[in-house]
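Asks: Data file target-v8.cif (mmCIF, C-alpha atoms (C1' of nucleotides)) is appended below.
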data_model
loop_
_atom_site.label_atom_id
_atom_site.label_comp_id
_atom_site.auth_asym_id
_atom_site.auth_seq_id
_atom_site.Cartn_x
_atom_site.Cartn_y
_atom_site.Cartn_z
CA MET A 1 40.65 17.51 20.40
CA ILE A 2 43.83 16.84 22.25
CA CYS A 3 44.95 19.84 24.23
CA ASP A 4 48.73 19.77 24.22
CA ASP A 5 49.21 23.10 25.96
CA ASP A 6 52.77 23.89 25.11
CA SER A 7 52.13 27.49 26.08
CA GLU A 8 54.37 27.30 29.13
CA LEU A 9 57.18 25.70 27.17
CA ALA A 10 56.70 28.27 24.41
CA LEU A 11 56.86 31.17 26.84
CA ASN A 12 60.06 29.90 28.37
CA ARG A 13 61.48 29.23 24.95
CA GLN A 14 60.82 32.82 23.99
CA LEU A 15 62.64 34.17 27.01
CA CYS A 16 65.56 31.77 26.53
CA PHE A 17 65.93 32.90 23.00
CA ALA A 18 65.36 36.59 23.66
CA LEU A 19 68.18 36.64 26.21
CA TYR A 20 70.45 34.62 23.97
CA ALA A 21 69.74 36.81 20.95
CA ALA A 22 69.89 40.12 22.81
CA SER A 23 73.25 39.27 24.30
CA ARG A 24 74.73 38.47 20.91
CA ALA A 25 73.08 41.52 19.33
CA MET A 26 74.78 43.69 21.94
CA THR A 27 78.13 42.23 20.94
CA LYS A 28 77.39 42.97 17.31
CA ALA A 29 76.38 46.54 18.11
CA TYR A 30 79.79 47.13 19.68
CA GLN A 31 81.67 45.37 16.87
CA PRO A 32 82.76 48.51 14.98
CA MET A 33 84.26 49.99 18.12
CA LEU A 34 85.88 46.73 19.19
CA GLN A 35 87.45 46.27 15.79
CA ASP A 36 88.82 49.80 15.98
CA LEU A 37 90.26 49.16 19.43
CA GLY A 38 91.55 45.75 18.40
CA ILE A 39 89.83 43.84 21.19
CA THR A 40 86.93 41.42 21.64
CA TYR A 41 83.73 41.90 23.60
CA PRO A 42 84.80 39.81 26.63
CA GLN A 43 88.12 41.65 26.59
CA TYR A 44 86.18 44.92 26.63
CA LEU A 45 84.24 43.78 29.69
CA VAL A 46 87.53 42.89 31.38
CA LEU A 47 89.03 46.24 30.50
CA MET A 48 86.05 48.11 31.91
CA VAL A 49 86.65 46.46 35.27
CA LEU A 50 90.38 47.22 35.11
CA TRP A 51 89.62 50.86 34.22
CA GLU A 52 87.40 51.05 37.28
CA TRP A 53 90.08 49.48 39.48
CA ALA A 54 92.65 51.97 38.20
CA SER A 55 90.35 54.91 39.02
CA GLU A 56 89.65 53.59 42.49
CA ASP A 57 93.31 52.96 43.24
CA GLU A 58 94.14 56.45 42.04
CA GLU A 59 91.50 58.12 44.18
CA GLY A 60 92.20 56.21 47.34
CA PRO A 61 95.40 54.18 47.16
CA ALA A 62 95.34 54.00 50.92
CA GLU A 63 92.49 51.51 50.56
CA SER A 64 90.88 53.26 53.46
CA ALA A 65 88.24 51.49 55.50
CA GLY A 66 86.79 48.25 54.15
CA ASN A 67 88.19 48.81 50.68
CA SER A 68 89.98 45.53 50.24
CA ASN A 69 91.48 46.33 46.84
CA ASP A 70 91.85 42.75 45.71
CA ARG A 71 93.03 42.96 42.12
CA SER A 72 93.52 39.27 41.54
CA LEU A 73 92.35 37.01 38.76
CA GLY A 74 89.93 35.53 41.23
CA ALA A 75 88.42 38.91 42.07
CA LEU A 76 88.08 39.65 38.37
CA GLY A 77 86.44 36.30 37.83
CA GLN A 78 83.93 36.91 40.60
CA ARG A 79 83.10 40.28 39.17
CA LEU A 80 82.51 38.90 35.66
CA MET A 81 81.29 35.49 36.79
CA LEU A 82 84.03 33.79 34.80
CA ASP A 83 86.58 31.20 35.88
CA SER A 84 90.29 30.83 35.24
CA GLY A 85 89.61 28.52 32.32
CA THR A 86 88.20 31.50 30.47
CA LEU A 87 90.21 34.33 31.97
CA THR A 88 93.73 32.89 31.95
CA PRO A 89 94.03 32.53 28.16
CA LEU A 90 92.08 35.75 27.55
CA LEU A 91 94.41 37.74 29.81
CA LYS A 92 97.46 36.14 28.23
CA ARG A 93 96.26 37.34 24.82
CA MET A 94 95.65 40.83 26.19
CA GLN A 95 99.09 40.75 27.79
CA GLN A 96 100.67 39.87 24.45
CA HIS A 97 98.91 42.88 22.97
CA GLY A 98 100.32 45.02 25.76
CA LEU A 99 96.97 45.91 27.29
CA VAL A 100 97.30 44.25 30.69
CA GLU A 101 99.95 43.22 33.13
CA ARG A 102 99.96 39.91 34.98
CA SER A 103 102.09 39.32 38.04
CA ARG A 104 102.25 37.09 41.07
CA ALA A 105 101.31 38.53 44.43
CA PRO A 106 104.45 38.77 46.60
CA TRP A 107 102.50 37.87 49.71
CA ASP A 108 100.94 34.78 48.15
CA GLU A 109 102.55 33.14 45.16
CA ARG A 110 99.28 31.47 44.21
CA VAL A 111 97.39 34.62 43.27
CA THR A 112 97.78 36.32 39.93
CA LEU A 113 97.45 40.09 40.02
CA VAL A 114 95.93 41.81 37.00
CA ALA A 115 96.09 45.47 35.96
CA ALA A 116 95.67 47.54 32.83
CA THR A 117 98.87 48.94 31.33
CA SER A 118 99.02 52.53 30.13
CA ALA A 119 98.11 51.25 26.66
CA GLY A 120 95.11 49.53 28.20
CA LEU A 121 94.09 52.68 30.06
CA ALA A 122 94.49 54.70 26.86
CA LEU A 123 91.57 52.83 25.28
CA LYS A 124 89.13 54.19 27.83
CA PRO A 125 88.61 57.70 26.38
CA ARG A 126 88.29 56.23 22.89
CA ALA A 127 85.63 53.80 24.06
CA LYS A 128 83.84 56.55 25.94
CA GLN A 129 83.80 58.77 22.90
CA TRP A 130 82.45 56.01 20.66
CA VAL A 131 79.70 55.09 23.10
CA GLN A 132 78.63 58.70 23.37
CA LYS A 133 78.56 59.20 19.63
CA ASN A 134 76.95 55.94 18.58
CA LEU A 135 74.68 54.88 21.36
CA GLN A 136 73.58 58.16 22.88
CA GLY A 137 72.13 59.32 19.60
CA SER A 138 70.18 56.13 19.15
CA ASN A 139 66.51 55.77 19.90
CA ILE A 140 67.26 53.88 23.07
CA THR A 141 66.63 56.16 26.01
CA ARG A 142 68.51 56.22 29.26
CA VAL A 143 65.31 55.27 31.04
CA GLU A 144 64.90 52.16 28.92
CA VAL A 145 68.48 51.15 29.57
CA LYS A 146 68.05 51.55 33.31
CA GLN A 147 64.74 49.69 33.24
CA LEU A 148 66.13 46.76 31.28
CA HIS A 149 69.25 46.66 33.40
CA GLY A 150 67.17 46.56 36.56
CA ASP A 151 64.86 43.85 35.25
CA LEU A 152 67.81 41.75 34.16
CA TRP A 153 69.46 41.89 37.56
CA GLN A 154 66.24 41.09 39.33
CA PHE A 155 65.85 38.13 37.01
CA LEU A 156 69.47 37.08 37.57
CA HIS A 157 69.04 37.02 41.32
CA LYS A 158 65.85 35.04 41.14
CA LEU A 159 67.53 32.54 38.85
CA ASP A 160 70.26 32.12 41.44
CA ASP A 161 67.66 31.41 44.09
CA THR A 162 66.12 28.81 41.79
CA SER A 163 69.34 27.02 40.88
CA PRO A 164 70.47 23.85 42.71
CA LYS A 165 72.79 25.63 45.14
CA GLU A 166 74.88 23.14 47.07
CA PRO A 167 74.40 23.54 50.85
CA THR A 168 76.83 26.38 51.58
CA ARG A 169 79.76 23.97 51.20
CA MET B 1 88.20 69.61 40.13
CA ILE B 2 88.21 67.66 36.91
CA CYS B 3 84.81 66.25 36.15
CA ASP B 4 85.38 62.97 34.33
CA ASP B 5 81.74 61.94 34.13
CA ASP B 6 82.01 58.32 33.21
CA SER B 7 78.39 57.85 34.18
CA GLU B 8 77.28 57.22 30.62
CA LEU B 9 80.02 54.72 30.07
CA ALA B 10 79.22 53.10 33.39
CA LEU B 11 75.54 52.82 32.58
CA ASN B 12 76.26 51.16 29.26
CA ARG B 13 78.77 48.88 30.88
CA GLN B 14 76.17 47.75 33.34
CA LEU B 15 73.71 46.85 30.60
CA CYS B 16 76.39 45.10 28.52
CA PHE B 17 77.32 43.00 31.47
CA ALA B 18 73.78 42.35 32.69
CA LEU B 19 72.80 40.95 29.30
CA TYR B 20 75.98 38.93 29.06
CA ALA B 21 75.61 37.53 32.58
CA ALA B 22 71.87 36.89 32.36
CA SER B 23 72.27 34.94 29.16
CA ARG B 24 74.92 32.69 30.67
CA ALA B 25 72.94 32.33 33.90
CA MET B 26 69.98 31.10 31.86
CA THR B 27 72.19 28.43 30.32
CA LYS B 28 73.34 27.37 33.77
CA ALA B 29 69.78 27.21 35.05
CA TYR B 30 68.93 24.72 32.31
CA GLN B 31 72.12 22.70 32.79
CA PRO B 32 70.60 19.88 34.89
CA MET B 33 67.92 19.28 32.27
CA LEU B 34 70.34 19.54 29.37
CA GLN B 35 72.69 17.07 30.97
CA ASP B 36 69.82 14.67 31.50
CA LEU B 37 68.75 15.02 27.86
CA GLY B 38 72.36 14.82 26.65
CA ILE B 39 72.27 18.06 24.69
CA THR B 40 73.71 21.57 24.93
CA TYR B 41 71.84 24.85 25.28
CA PRO B 42 72.17 25.89 21.61
CA GLN B 43 71.11 22.39 20.61
CA TYR B 44 68.05 22.82 22.85
CA LEU B 45 67.15 26.06 21.08
CA VAL B 46 67.48 24.28 17.73
CA LEU B 47 65.32 21.41 18.93
CA MET B 48 62.60 23.79 20.10
CA VAL B 49 62.34 25.18 16.59
CA LEU B 50 62.28 21.69 15.09
CA TRP B 51 59.57 20.65 17.54
CA GLU B 52 57.53 23.62 16.43
CA TRP B 53 58.07 22.80 12.77
CA ALA B 54 57.00 19.20 13.36
CA SER B 55 53.78 20.35 15.05
CA GLU B 56 52.99 22.76 12.26
CA ASP B 57 53.65 20.19 9.55
CA GLU B 58 51.46 17.73 11.36
CA GLU B 59 48.57 20.15 11.72
CA GLY B 60 48.64 21.48 8.18
CA PRO B 61 50.91 19.46 5.93
CA ALA B 62 49.13 20.97 2.94
CA GLU B 63 51.03 24.16 3.74
CA SER B 64 47.82 26.00 2.97
CA ALA B 65 47.89 29.64 2.04
CA GLY B 66 51.07 31.61 2.64
CA ASN B 67 52.57 28.90 4.81
CA SER B 68 55.83 28.42 2.96
CA ASN B 69 57.14 25.59 5.19
CA ASP B 70 60.78 26.19 4.48
CA ARG B 71 62.63 23.73 6.70
CA SER B 72 66.11 24.48 5.48
CA LEU B 73 69.30 25.23 7.36
CA GLY B 74 68.94 28.79 6.14
CA ALA B 75 65.44 29.11 7.57
CA LEU B 76 66.65 27.70 10.87
CA GLY B 77 69.54 30.15 10.83
CA GLN B 78 67.24 33.11 10.26
CA ARG B 79 65.04 31.98 13.09
CA LEU B 80 67.92 31.66 15.54
CA MET B 81 70.06 34.41 14.01
CA LEU B 82 72.90 31.96 13.46
CA ASP B 83 74.85 31.19 10.32
CA SER B 84 76.02 27.96 8.75
CA GLY B 85 79.40 28.27 10.44
CA THR B 86 77.65 27.62 13.74
CA LEU B 87 74.76 25.43 12.63
CA THR B 88 76.48 23.00 10.27
CA PRO B 89 78.79 21.43 12.87
CA LEU B 90 76.12 21.64 15.57
CA LEU B 91 73.58 19.79 13.40
CA LYS B 92 76.18 17.20 12.42
CA ARG B 93 76.77 16.47 16.09
CA MET B 94 73.03 16.19 16.70
CA GLN B 95 72.73 13.92 13.68
CA GLN B 96 75.43 11.65 15.07
CA HIS B 97 73.41 11.42 18.27
CA GLY B 98 70.34 10.51 16.22
CA LEU B 99 68.35 13.60 17.14
CA VAL B 100 68.03 15.26 13.73
CA GLU B 101 68.01 14.32 10.10
CA ARG B 102 69.85 16.27 7.43
CA SER B 103 69.04 15.88 3.74
CA ARG B 104 69.39 17.76 0.49
CA ALA B 105 66.31 19.33 -1.06
CA PRO B 106 65.44 17.43 -4.26
CA TRP B 107 64.39 20.64 -5.99
CA ASP B 108 67.64 22.45 -5.14
CA GLU B 109 70.73 20.54 -4.25
CA ARG B 110 72.17 23.53 -2.47
CA VAL B 111 69.69 23.63 0.40
CA THR B 112 70.04 21.34 3.40
CA LEU B 113 66.73 20.27 4.93
CA VAL B 114 66.64 19.75 8.68
CA ALA B 115 64.12 17.86 10.79
CA ALA B 116 63.92 16.23 14.21
CA THR B 117 63.97 12.43 14.24
CA SER B 118 61.57 10.49 16.45
CA ALA B 119 64.34 10.41 19.06
CA GLY B 120 64.56 14.19 18.78
CA LEU B 121 60.81 14.57 19.11
CA ALA B 122 60.82 12.26 22.11
CA LEU B 123 62.82 14.79 24.12
CA LYS B 124 60.03 17.35 23.96
CA PRO B 125 57.74 15.92 26.69
CA ARG B 126 60.75 15.37 28.94
CA ALA B 127 61.82 18.99 28.50
CA LYS B 128 58.28 20.19 29.06
CA GLN B 129 58.00 18.24 32.27
CA TRP B 130 61.29 19.53 33.59
CA VAL B 131 60.43 23.14 32.81
CA GLN B 132 57.09 22.81 34.54
CA LYS B 133 58.62 21.24 37.63
CA ASN B 134 61.68 23.41 38.00
CA LEU B 135 60.83 26.81 36.63
CA GLN B 136 57.12 27.08 37.30
CA GLY B 137 57.61 26.61 41.00
CA SER B 138 60.26 29.28 41.14
CA ASN B 139 59.67 32.79 42.34
CA ILE B 140 59.75 34.10 38.79
CA THR B 141 56.22 34.91 37.76
CA ARG B 142 54.74 34.54 34.33
CA VAL B 143 54.17 38.29 34.26
CA GLU B 144 57.84 38.98 34.89
CA VAL B 145 58.84 36.58 32.16
CA LYS B 146 56.51 38.24 29.67
CA GLN B 147 57.66 41.68 30.72
CA LEU B 148 61.34 40.87 30.38
CA HIS B 149 60.76 39.08 27.11
CA GLY B 150 58.91 42.08 25.72
CA ASP B 151 61.56 44.54 26.88
CA LEU B 152 64.31 42.42 25.39
CA TRP B 153 62.64 42.29 21.99
CA GLN B 154 61.97 45.99 21.98
CA PHE B 155 65.62 46.53 22.83
CA LEU B 156 66.71 44.07 20.14
CA HIS B 157 64.75 45.89 17.46
CA LYS B 158 66.07 49.27 18.50
CA LEU B 159 69.60 47.90 18.42
CA ASP B 160 69.00 46.74 14.87
CA ASP B 161 67.88 50.23 13.91
CA THR B 162 71.04 51.61 15.47
CA SER B 163 73.47 49.21 13.82
CA PRO B 164 75.28 50.11 10.59
CA LYS B 165 72.88 48.34 8.25
CA GLU B 166 74.20 48.26 4.67
CA PRO B 167 71.71 49.96 2.30
CA THR B 168 69.29 47.08 1.59
CA ARG B 169 71.96 45.45 -0.59
"C1'" DC C 1 73.06 27.76 -25.14
"C1'" DA C 2 77.14 29.85 -22.82
"C1'" DC C 3 78.55 32.29 -19.00
"C1'" DA C 4 78.53 35.66 -15.40
"C1'" DA C 5 76.15 36.70 -11.13
"C1'" DT C 6 73.73 35.07 -7.23
"C1'" DT C 7 72.47 31.97 -3.70
"C1'" DT C 8 73.10 28.20 -0.18
"C1'" DA C 9 76.08 25.58 2.60
"C1'" DA C 10 80.41 23.92 4.02
"C1'" DT C 11 84.98 24.89 5.63
"C1'" DT C 12 88.66 27.28 8.21
"C1'" DG C 13 90.53 29.81 11.92
"C1'" DC C 14 90.25 32.28 16.22
"C1'" DG C 15 88.36 33.35 20.67
"C1'" DC C 16 85.53 32.52 24.15
"C1'" DA C 17 82.72 29.45 28.05
"C1'" DC C 18 82.95 25.86 30.99
"C1'" DA C 19 83.56 21.23 33.05
"C1'" DA C 20 87.17 18.43 34.68
"C1'" DT C 21 91.70 17.69 35.97
"C1'" DC C 22 96.20 18.99 37.54
"C1'" DT C 23 99.82 21.66 40.08
"C1'" DA C 24 101.85 24.15 43.48
"C1'" DA C 25 101.61 27.24 47.28
"C1'" DA C 26 99.64 28.22 51.60
"C1'" DA C 27 96.98 27.11 55.68
"C1'" DT C 28 95.74 23.71 59.13
"C1'" DG C 29 96.02 19.89 62.39
"C1'" DC C 30 98.18 16.92 65.36
"C1'" DG D 1 107.71 19.83 62.36
"C1'" DC D 2 105.54 17.56 59.03
"C1'" DA D 3 101.55 15.40 56.77
"C1'" DT D 4 96.98 16.75 55.32
"C1'" DT D 5 93.84 19.67 53.47
"C1'" DT D 6 92.53 23.78 51.27
"C1'" DT D 7 92.97 27.27 47.95
"C1'" DA D 8 94.27 29.91 43.49
"C1'" DG D 9 95.36 29.31 38.99
"C1'" DA D 10 96.72 26.77 34.95
"C1'" DT D 11 95.70 23.19 31.67
"C1'" DT D 12 92.93 20.24 28.68
"C1'" DG D 13 89.08 19.06 25.84
"C1'" DT D 14 84.54 20.02 23.79
"C1'" DG D 15 81.25 23.02 21.75
"C1'" DC D 16 79.71 27.11 20.33
"C1'" DG D 17 79.74 32.11 17.55
"C1'" DC D 18 81.27 34.40 13.82
"C1'" DA D 19 84.17 36.44 10.09
"C1'" DA D 20 86.13 35.08 5.88
"C1'" DT D 21 86.83 31.95 2.27
"C1'" DT D 22 85.47 28.29 -0.78
"C1'" DA D 23 82.44 25.24 -3.52
"C1'" DA D 24 78.53 23.92 -5.90
"C1'" DA D 25 73.94 24.63 -7.76
"C1'" DT D 26 70.79 27.87 -9.77
"C1'" DT D 27 69.34 31.98 -12.09
"C1'" DG D 28 69.65 35.69 -15.25
"C1'" DT D 29 71.21 37.59 -19.67
"C1'" DG D 30 72.70 38.14 -24.20
#
Would you kindly transcribe this structure into C-alpha cells?

Replies:
Amino acid sequence: MICDDDSELALNRQLCFALYAASRAMTKAYQPMLQDLGITYPQYLVLMVLWEWASEDEEGPAESAGNSNDRSLGALGQRLMLDSGTLTPLLKRMQQHGLVERSRAPWDERVTLVAATSAGLALKPRAKQWVQKNLQGSNITRVEVKQLHGDLWQFLHKLDDTSPKEPTR
Amino acid sequence: MICDDDSELALNRQLCFALYAASRAMTKAYQPMLQDLGITYPQYLVLMVLWEWASEDEEGPAESAGNSNDRSLGALGQRLMLDSGTLTPLLKRMQQHGLVERSRAPWDERVTLVAATSAGLALKPRAKQWVQKNLQGSNITRVEVKQLHGDLWQFLHKLDDTSPKEPTR
DNA sequence: CACAATTTAATTGCGCACAATCTAAAATGC
DNA sequence: GCATTTTAGATTGTGCGCAATTAAATTGTG
C-alpha cells in the first residue's frame, strides 16, 4: 500500500479555506446593514478608522505628546494594510457619495489627507445600533470574539515572521 | 461626562478587520508558491478540491454506497461557497491554461462537469513539497493550526445561524 | 402531450485587491 | 544651485466575489 500522506496538505488546505470562507461570511453577515447605509464592507472598514480619527482629534486636537496625528492616505493604508491602488478609487467613490473629504497636505503636496465628512460621521450611530441589535443578541459570545480575535492576530504575526521579508531595505 | 461606550463597536471592528487581514495575509504567504505554479489563490483552492475528487474517484470509482460523486460546477460551488458568477470565468481561465477540463453532463445538459487534467494533477506534489518546506518549518505549530481552524468553523456556523436565512424556501 | 415551474449555468456590472508602472513633489548630495 | 534619489499617490491591467438577470434543460401537472 502506497502511503501518500496528504494529511499535512489537507490540514493546511482546511485552514486556508476556513479563513477565506470566514472572511467572506463576515461580509455577508454585515450585508443588511451595509445595504442600509449604502456602503460596502471595505468602505465600512475605512469609515471605522475615520470615525476613530475624528474622536481622537476631538479629544486631543493638540496632538499632545507622541500623538503624531497623521491622517494621510498612507497612514490609512498602513492601518488597513491596503495600498493606494485599492484606496484611491475607493475613497474617490466615497467622496462622490459625500462620506469623506480628500485634500492635499499644505506642508507636503504629495500627501493626500483623508477625513470623514459630517455625513460620514452620521453613519456611526446607525452602525453602532445595528451591531448592538443584530450581533449582540446572537449566540456568539464576547469571550469567543475576543478569543478568535486574539488567535487571528497571533497567527497574523507569525505569518509575517514566516514570509520572505526583504532585508530591512 | 457623556459616556459614548463604543467598546462593543470597537470589539466587532477588531474582529472584522482581523478576519479580513488574516485572510489576505494567508494569500500573500502562499504567493511565492502560486507564482511558481502559475495560478492564483482561488484557483489553488479549486485545485485542492479537484485533487481530492481525483483521489476519491481513483480509490472507489464504483461510487459505492452513498457516495454520490457529483463533480459538477454546482458541487464545487457548494464546497467553496462560491457561485457560478465567480467560478465560470475562473474555470475558463484554468481551462485555457490546461489545468482543468469542463464538459457537459450527458444525462443533463445543464450541468457542467469539472475535473483536473493531468497537468492540473501534476501541480499537487509541487504544492505539497512547497507547503512542507515553507510552512512546516515556521513557528506555527500544528496544534495552533487545528485550534484556529476549529474556532473559525465554529464561528462560521454561528454566523450562519445569525444571518437572515429565508424560511427553508 | 402541452406548458408552467424549477433547476443549473452563463452573463453582466460593479467594487475591491494587488502587482507594476508612472508622475510629481520633496529631500539629498555634491 | 542643481542633478539625483527618494517618497507619496495615482494609474493601469488582471482576477476575483457577488448580486441580478438571462438562457436552456428538466421536471411536474393537468

Asks: Give the residues of chain B that lie within 9 Å of chain D; count all atoms listed in the file, and format the answer as number ranges by chain.

Replies: B: 40, 42, 82-83, 85-86, 90, 108-110

Asks: Using only C-alpha atoms, determine which residues of chain A fall within 6 Å of chain B; present them as an MDAnalysis selection string.

Replies: chainID A and resid 9 15 19:20 22:23 29 128 138 149 156 162:163

Asks: Which is closer to chain A than all the others in C:DC22, C:DA4, C:DA27, C:DA17, using only C-alpha atoms (C1' of nucleotides)?

Replies: C:DA17

Asks: Got a sec to resolve the PyMOL selection byres ((chain C) within 10 of (chain B)) on this structure and send the residues as a list in words?

Replies: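 Expected selection for the PyMOL selection byres ((chain C) within 10 of (chain B)) here is DT7, DT8, DA9, DA10, DT11, DT12 and DA17 of chain C.
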
Asks: Rank A:Thr141, A:Glu56, A:Gln78, A:Leu50 by their smallest atom-to-atom distance to Ser118 of chain A, using only C-alpha atoms, and report the top residue only.

Replies: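 For Ser118 of chain A, the nearest of the given residues is A:Leu50.
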
Asks: Would you mind reading off the distance between atom CA of Asp5 of chain B and atom CA of Leu87 of chain A, one decimal, in Å?

Replies: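 A separation of 29.0 Å between them.
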